[in-house]
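Beneath this line is the structure, given in structure tokens, with notes to follow.
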Amino acid sequence: ESEEDILEKKSRLLDEEKKKIEIESKKEVEQSLLEQHIWTPPTLEEMENEKKTGVDLRVVKERIEQNVKVLSDFKNLSKPGIQRQHYLHILKADVSYYYGYLPFLIETIFKIFPPAEAIEFLDANETPRPVTIRVNTLKTRRKDLATTLIGRGINLDKIEWTPIGLQVFDSTVPVGATPEYLAGHYMIQSASSWTPVVALDPQPNERILDMAAAPGGKTTHIAALMKNTGELFANDPNPDRLKSLTANLHRMGVINTVVCRLDGIHVVKHLNGFDRVLLDAPCTGLGVVSKDPSIKVKRNGEDIIKLAYQQKQLLLAAIDAVSASSKTGGYIVYSTCSITVEENECVVDYALKKRGVKLVDTGLPFGKPGFVRYQERRFDSSLKLTRRFYPHVYNMDGFFVAKFKKISNWVSTNDNKEKTDEATDAKQNQNQNENQNKNE
């Protein structure tokens, strides 16, 4: 090896060493700058003082954004010595204050979504959903109705995933007072409310039950898909709500429907042998906060427990009302406008254990799969066939849809034991919620 080669080699090594030192130096500078700009969450004492003195919402909003940023990359952005749990505690307290929810509901939302998505969901609840209308195919076609309404000064466009939907962008006339509306050519209805009926897939000449029918949006949709044939029973236990149900049936030109007022849990004593049943169950409404902001402060853990129990009983009644030997159907669709797992997957999983049913594909072209695991709970793997709809994902009301196929008339023989266990679980959940609220 010549002296020239040796010098060249040494020079190359010196260059590499210099480059390595520059890279390490740059990293040190970046780390130093990062440490200087690391966001530090307030202490619990500072949060308590804020409750007494008050705090600007802009400060809280900025704190929420900083907190979410840290939690998304906790390893690199968190302050050494501060636990993730503290960041989460501060974030939930800030979110509860900023958006105006009860702490229990914020805790519930954060169990369903990771922090960044929870904020997206809460932000979506602060803005109204688009105005959508469902074309009544008993009286008109979408193309004809759209042409007429555009001529009246309504700016609209078709909704791609369904042949009967139109979205209204703005209007120079009241959409609920046009001659076409009064003549029953369309129903003003949220797009998510169409999903249970699409999943039910009613057929002409069938015998169908809508268990909680008022005010009639889904009932009239079912009747249109049945082409006004067969037998459709529209049930609602509330006599006051039957007025709007009956009015909508008349306005929409429905003639195949019998209106009845029965307790849904005992409906099978009076009505049964159906090909299909729709149960759009009473719920907490945590998917439609944009429509009713009072839900933020009026729903609590006890409401969820009571409603979940009622939903389970109603779903069993819906299953019992369906004929397992139906030649065209044998289907039950369960839906809610809530996002809580207790009102959705827990209810569906319960029904799978109590009756001879199985979950089948909803046939819906979109939607997030239901949970098969949630916190410490584990559900039947078929729960992935259920569908969840979120306002921040689809710009629709929050909704849940599950479709069952009745395969036999089998009924669980452990009714008494399961009711006792369920009551015990409900009591434990209630105690946990009370303790959690005390801590907060």
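Letters for chains follow the order of the structure tokens (A, B, ...), residue numbers begin at 1 for each chain, and ligand numbers begin at 1 in the order shown.
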- Task: Write out as a VMD selection string all residues of stretch 187-400 of chain A that backbone DSSP assigns to strand (DSSP E).
- Result: chain A and resid 187 to 188 207 to 210 231 to 235 257 to 260 276 to 280 331 to 336 355 to 360 368 to 369 373 to 374 377 to 378 387 to 389 399 to 400
- Among stretch 142-195 of chain A, which residues carry a DSSP assignment of alpha helix (DSSP H), reported as an NGL selection string? :A and (142-151 or 179-182 or 195)
Could you save those same residues with all heavy atoms as a compact mmCIF listing (two decimals), in the first residue's frame?
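Contents of the output file again05.txt:
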# COMPACT_ATOMS: atom_id res chain seq x y z
N ARG A 142 -86.74 9.59 -7.59
CA ARG A 142 -85.75 10.55 -7.12
C ARG A 142 -85.45 11.62 -8.18
O ARG A 142 -85.38 12.81 -7.86
CB ARG A 142 -84.45 9.84 -6.70
CG ARG A 142 -83.38 10.82 -6.21
CD ARG A 142 -82.26 10.14 -5.47
NE ARG A 142 -81.38 9.36 -6.33
CZ ARG A 142 -80.25 8.79 -5.90
NH1 ARG A 142 -79.87 8.93 -4.63
NH2 ARG A 142 -79.50 8.09 -6.72
N LYS A 143 -85.27 11.20 -9.42
CA LYS A 143 -84.92 12.15 -10.49
C LYS A 143 -86.01 13.20 -10.66
O LYS A 143 -85.72 14.40 -10.79
CB LYS A 143 -84.72 11.37 -11.79
CG LYS A 143 -84.27 12.23 -12.95
CD LYS A 143 -84.05 11.40 -14.21
CE LYS A 143 -83.63 12.27 -15.39
NZ LYS A 143 -83.44 11.46 -16.62
N ASP A 144 -87.27 12.74 -10.66
CA ASP A 144 -88.39 13.67 -10.84
C ASP A 144 -88.51 14.63 -9.66
O ASP A 144 -88.73 15.84 -9.84
CB ASP A 144 -89.70 12.90 -11.01
CG ASP A 144 -89.70 12.03 -12.27
OD1 ASP A 144 -88.94 12.36 -13.20
OD2 ASP A 144 -90.45 11.03 -12.31
N LEU A 145 -88.37 14.10 -8.45
CA LEU A 145 -88.48 14.94 -7.26
C LEU A 145 -87.34 15.97 -7.22
O LEU A 145 -87.58 17.15 -6.91
CB LEU A 145 -88.44 14.07 -5.99
CG LEU A 145 -88.50 14.84 -4.67
CD1 LEU A 145 -89.83 15.58 -4.53
CD2 LEU A 145 -88.30 13.90 -3.48
N ALA A 146 -86.12 15.53 -7.53
CA ALA A 146 -84.98 16.45 -7.53
C ALA A 146 -85.19 17.59 -8.50
O ALA A 146 -84.93 18.77 -8.17
CB ALA A 146 -83.70 15.68 -7.87
N THR A 147 -85.67 17.28 -9.69
CA THR A 147 -85.92 18.32 -10.71
C THR A 147 -86.94 19.34 -10.20
O THR A 147 -86.75 20.55 -10.34
CB THR A 147 -86.44 17.67 -12.01
OG1 THR A 147 -85.46 16.73 -12.48
CG2 THR A 147 -86.69 18.72 -13.07
N THR A 148 -88.01 18.84 -9.58
CA THR A 148 -89.07 19.72 -9.07
C THR A 148 -88.56 20.62 -7.96
O THR A 148 -88.81 21.83 -7.94
CB THR A 148 -90.26 18.89 -8.55
OG1 THR A 148 -90.74 18.05 -9.60
CG2 THR A 148 -91.38 19.79 -8.07
N LEU A 149 -87.82 20.03 -7.00
CA LEU A 149 -87.34 20.80 -5.85
C LEU A 149 -86.27 21.82 -6.26
O LEU A 149 -86.23 22.93 -5.71
CB LEU A 149 -86.79 19.86 -4.78
CG LEU A 149 -87.83 18.94 -4.11
CD1 LEU A 149 -87.17 18.07 -3.05
CD2 LEU A 149 -88.98 19.74 -3.50
N ILE A 150 -85.43 21.46 -7.20
CA ILE A 150 -84.44 22.41 -7.71
C ILE A 150 -85.16 23.61 -8.34
O ILE A 150 -84.75 24.77 -8.17
CB ILE A 150 -83.50 21.74 -8.74
CG1 ILE A 150 -82.56 20.76 -8.02
CG2 ILE A 150 -82.69 22.78 -9.50
CD1 ILE A 150 -81.76 19.86 -8.95
N GLY A 151 -86.25 23.32 -9.02
CA GLY A 151 -87.05 24.39 -9.62
C GLY A 151 -87.69 25.29 -8.59
O GLY A 151 -88.03 26.45 -8.88
N PRO A 179 -95.16 21.97 -1.50
CA PRO A 179 -96.31 21.15 -1.90
C PRO A 179 -95.95 19.66 -1.99
O PRO A 179 -96.77 18.80 -1.67
CB PRO A 179 -96.67 21.72 -3.28
CG PRO A 179 -96.18 23.12 -3.25
CD PRO A 179 -94.94 23.10 -2.43
N GLU A 180 -94.72 19.37 -2.41
CA GLU A 180 -94.28 17.97 -2.54
C GLU A 180 -94.18 17.30 -1.17
O GLU A 180 -94.53 16.13 -1.01
CB GLU A 180 -92.93 17.89 -3.26
CG GLU A 180 -93.00 18.21 -4.76
CD GLU A 180 -93.27 19.68 -5.04
OE1 GLU A 180 -92.82 20.54 -4.24
OE2 GLU A 180 -93.94 19.97 -6.05
N TYR A 181 -93.69 18.07 -0.16
CA TYR A 181 -93.62 17.51 1.18
C TYR A 181 -95.02 17.22 1.71
O TYR A 181 -95.29 16.13 2.25
CB TYR A 181 -92.90 18.47 2.14
CG TYR A 181 -92.90 17.99 3.57
CD1 TYR A 181 -91.95 17.06 4.01
CD2 TYR A 181 -93.86 18.44 4.49
CE1 TYR A 181 -91.97 16.58 5.31
CE2 TYR A 181 -93.87 17.97 5.79
CZ TYR A 181 -92.93 17.04 6.19
OH TYR A 181 -92.96 16.56 7.48
N LEU A 182 -95.91 18.19 1.57
CA LEU A 182 -97.27 18.04 2.08
C LEU A 182 -98.01 16.92 1.36
O LEU A 182 -98.90 16.27 1.93
CB LEU A 182 -98.04 19.36 1.94
CG LEU A 182 -97.44 20.54 2.75
CD1 LEU A 182 -98.16 21.83 2.41
CD2 LEU A 182 -97.51 20.26 4.24
N THR A 195 -80.42 3.25 7.47
CA THR A 195 -79.59 2.03 7.51
C THR A 195 -80.30 0.81 8.10
O THR A 195 -80.15 -0.30 7.57
CB THR A 195 -78.27 2.29 8.25
OG1 THR A 195 -78.53 2.76 9.58
CG2 THR A 195 -77.43 3.32 7.50
- Selection: 7 Å around stretch 263-279 of chain A, only C-alpha atoms, excl. self and same-chain fewer than 2 positions, as a PyMOL selection string: chain A and resi 200+206-212+237+281+313-314+317-318+320-323+326+328-335
Go ahead and save the residues from that selection, with N, CA, C and O atoms, as a JSON list (two decimals), in the first residue's frame.
[["chain", "number", "residue", "atom", "x", "y", "z"],
["A", 200, "LEU", "N", -82.83, -4.47, 7.04],
["A", 200, "LEU", "CA", -84.01, -5.34, 7.17],
["A", 200, "LEU", "C", -84.39, -5.95, 5.83],
["A", 200, "LEU", "O", -84.83, -7.09, 5.75],
["A", 206, "GLU", "N", -94.83, -9.68, 2.46],
["A", 206, "GLU", "CA", -94.41, -10.27, 3.73],
["A", 206, "GLU", "C", -95.25, -9.72, 4.88],
["A", 206, "GLU", "O", -95.98, -8.74, 4.74],
["A", 207, "ARG", "N", -95.08, -10.35, 6.04],
["A", 207, "ARG", "CA", -95.72, -9.90, 7.27],
["A", 207, "ARG", "C", -94.60, -9.34, 8.16],
["A", 207, "ARG", "O", -93.71, -10.09, 8.59],
["A", 208, "ILE", "N", -94.64, -8.04, 8.43],
["A", 208, "ILE", "CA", -93.52, -7.35, 9.08],
["A", 208, "ILE", "C", -94.01, -6.52, 10.26],
["A", 208, "ILE", "O", -95.10, -5.95, 10.23],
["A", 209, "LEU", "N", -93.16, -6.44, 11.30],
["A", 209, "LEU", "CA", -93.47, -5.65, 12.48],
["A", 209, "LEU", "C", -92.39, -4.62, 12.72],
["A", 209, "LEU", "O", -91.19, -4.93, 12.73],
["A", 210, "ASP", "N", -92.82, -3.37, 12.91],
["A", 210, "ASP", "CA", -91.93, -2.30, 13.37],
["A", 210, "ASP", "C", -92.30, -2.07, 14.84],
["A", 210, "ASP", "O", -93.35, -1.50, 15.15],
["A", 211, "MET", "N", -91.45, -2.53, 15.76],
["A", 211, "MET", "CA", -91.81, -2.59, 17.17],
["A", 211, "MET", "C", -91.89, -1.25, 17.87],
["A", 211, "MET", "O", -92.65, -1.08, 18.82],
["A", 212, "ALA", "N", -91.06, -0.29, 17.47],
["A", 212, "ALA", "CA", -91.08, 1.05, 18.07],
["A", 212, "ALA", "C", -91.16, 2.05, 16.93],
["A", 212, "ALA", "O", -90.17, 2.64, 16.53],
["A", 237, "PRO", "N", -95.84, 2.10, 22.10],
["A", 237, "PRO", "CA", -96.59, 2.09, 23.36],
["A", 237, "PRO", "C", -97.07, 3.46, 23.81],
["A", 237, "PRO", "O", -97.92, 3.57, 24.69],
["A", 281, "ALA", "N", -84.55, 0.52, 18.99],
["A", 281, "ALA", "CA", -84.83, 0.53, 20.42],
["A", 281, "ALA", "C", -84.66, 1.90, 21.07],
["A", 281, "ALA", "O", -83.82, 2.71, 20.63],
["A", 313, "GLN", "N", -84.73, -7.06, 26.84],
["A", 313, "GLN", "CA", -86.07, -7.66, 26.88],
["A", 313, "GLN", "C", -86.84, -7.43, 25.58],
["A", 313, "GLN", "O", -87.53, -8.32, 25.07],
["A", 314, "LEU", "N", -86.70, -6.23, 25.03],
["A", 314, "LEU", "CA", -87.37, -5.92, 23.76],
["A", 314, "LEU", "C", -86.80, -6.76, 22.62],
["A", 314, "LEU", "O", -87.56, -7.25, 21.76],
["A", 317, "ALA", "N", -88.13, -10.23, 22.76],
["A", 317, "ALA", "CA", -89.52, -10.22, 22.29],
["A", 317, "ALA", "C", -89.59, -10.14, 20.77],
["A", 317, "ALA", "O", -90.41, -10.80, 20.13],
["A", 318, "ALA", "N", -88.69, -9.32, 20.19],
["A", 318, "ALA", "CA", -88.65, -9.19, 18.73],
["A", 318, "ALA", "C", -88.30, -10.52, 18.08],
["A", 318, "ALA", "O", -88.89, -10.92, 17.07],
["A", 320, "ASP", "N", -88.75, -13.51, 19.39],
["A", 320, "ASP", "CA", -89.86, -14.44, 19.62],
["A", 320, "ASP", "C", -91.02, -14.19, 18.65],
["A", 320, "ASP", "O", -91.78, -15.11, 18.33],
["A", 321, "ALA", "N", -91.16, -12.94, 18.20],
["A", 321, "ALA", "CA", -92.27, -12.60, 17.30],
["A", 321, "ALA", "C", -92.03, -13.05, 15.86],
["A", 321, "ALA", "O", -92.95, -13.06, 15.05],
["A", 322, "VAL", "N", -90.79, -13.44, 15.54],
["A", 322, "VAL", "CA", -90.45, -13.86, 14.18],
["A", 322, "VAL", "C", -90.62, -15.36, 14.02],
["A", 322, "VAL", "O", -90.33, -16.15, 14.93],
["A", 323, "SER", "N", -91.09, -15.76, 12.85],
["A", 323, "SER", "CA", -91.24, -17.18, 12.54],
["A", 323, "SER", "C", -89.92, -17.75, 12.03],
["A", 323, "SER", "O", -89.36, -17.25, 11.06],
["A", 326, "SER", "N", -90.16, -19.05, 8.38],
["A", 326, "SER", "CA", -90.53, -18.12, 7.31],
["A", 326, "SER", "C", -89.81, -18.50, 6.02],
["A", 326, "SER", "O", -88.60, -18.74, 6.02],
["A", 328, "THR", "N", -89.45, -16.57, 3.34],
["A", 328, "THR", "CA", -88.75, -15.45, 2.70],
["A", 328, "THR", "C", -87.87, -14.67, 3.67],
["A", 328, "THR", "O", -86.98, -13.94, 3.24],
["A", 329, "GLY", "N", -88.13, -14.80, 4.97],
["A", 329, "GLY", "CA", -87.41, -13.96, 5.93],
["A", 329, "GLY", "C", -86.84, -14.72, 7.11],
["A", 329, "GLY", "O", -85.95, -15.54, 6.97],
["A", 330, "GLY", "N", -87.41, -14.41, 8.29],
["A", 330, "GLY", "CA", -86.85, -14.94, 9.52],
["A", 330, "GLY", "C", -85.77, -14.02, 10.07],
["A", 330, "GLY", "O", -84.86, -14.46, 10.78],
["A", 331, "TYR", "N", -85.86, -12.71, 9.75],
["A", 331, "TYR", "CA", -84.81, -11.76, 10.12],
["A", 331, "TYR", "C", -85.28, -10.75, 11.17],
["A", 331, "TYR", "O", -86.45, -10.36, 11.18],
["A", 332, "ILE", "N", -84.36, -10.35, 12.01],
["A", 332, "ILE", "CA", -84.59, -9.32, 13.01],
["A", 332, "ILE", "C", -83.46, -8.31, 12.89],
["A", 332, "ILE", "O", -82.29, -8.69, 12.86],
["A", 333, "VAL", "N", -83.81, -7.03, 12.82],
["A", 333, "VAL", "CA", -82.79, -5.97, 12.82],
["A", 333, "VAL", "C", -82.94, -5.17, 14.11],
["A", 333, "VAL", "O", -84.04, -4.72, 14.46],
["A", 334, "TYR", "N", -81.82, -5.04, 14.81],
["A", 334, "TYR", "CA", -81.77, -4.27, 16.06],
["A", 334, "TYR", "C", -80.91, -3.04, 15.81],
["A", 334, "TYR", "O", -79.81, -3.13, 15.26],
["A", 335, "SER", "N", -81.42, -1.86, 16.18],
["A", 335, "SER", "CA", -80.66, -0.63, 15.97],
["A", 335, "SER", "C", -80.86, 0.34, 17.12],
["A", 335, "SER", "O", -81.89, 0.30, 17.81]]
- Message: Which residues are near A:Lys218? Cut-off 7 Å, only C-alpha atoms, ignore same chain within fewer than 3 positions. Put them as a count of residues only.
- Response: 3
- Within 8 Å of A:Arg388, counting only C-alpha atoms, which residues qualify if same-chain residues fewer than 4 places away don't, as a ChimeraX atom specification? /A:339,367-370,398-401
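The protein and nucleic acid residues lying at most 9 Å from A:Ile106 are Lys92, Ala93, Val95, Ser96 and Ala118 of chain A, with only C-alpha atoms considered and sequence neighbours fewer than 6 positions away removed.
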Using C-alpha atoms, can you write the selected residues to a file as an mmCIF file, in the first residue's frame?
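The resulting file, selection_10.cif, is shown below:
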data_model
loop_
_atom_site.group_PDB
_atom_site.id
_atom_site.type_symbol
_atom_site.label_atom_id
_atom_site.label_comp_id
_atom_site.auth_asym_id
_atom_site.auth_seq_id
_atom_site.Cartn_x
_atom_site.Cartn_y
_atom_site.Cartn_z
ATOM 1 C CA LYS A 92 -60.804 14.364 30.356
ATOM 2 C CA ALA A 93 -61.359 17.170 32.864
ATOM 3 C CA VAL A 95 -62.823 18.101 27.627
ATOM 4 C CA SER A 96 -65.706 17.769 30.074
ATOM 5 C CA ALA A 118 -62.538 11.159 20.902
#
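Comparing the minimum interatomic distances between A:Ile164 and each of A:Lys353, A:Arg63, A:Lys312, A:Arg141, counting only C-alpha atoms, we find that A:Arg141 sits nearest.
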- Do a neighbour search on A:Lys296 at 8 Å with only C-alpha atoms, toss out local chain neighbours closer than 5 positions, and write the hits as a ChimeraX atom specification. /A:100-102,105,289
- Task: Mind giving me the straight-line distance from atom CA of A:Asp349 to atom CA of A:Trp161 in Å, one decimal?
- Result: 28.7 Å
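Here the question is which of A:Thr229, A:Thr162, A:Ser408, A:Ser78 gets nearest to A:Phe366 using only C-alpha atoms, and that residue is A:Thr162.
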- Message: Using only C-alpha atoms for the distances, tell me which of A:Asn235, A:Pro204, A:Thr284, A:Asn136 is nearest to A:Met252.
- Response: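 Under the stated criterion, the closest residue is A:Asn136.
In terms of minimum interatomic distance to A:Met226, A:Leu138 ranks closest within A:Leu13, A:Leu138, A:Cys337, A:Val173, counting only C-alpha atoms.
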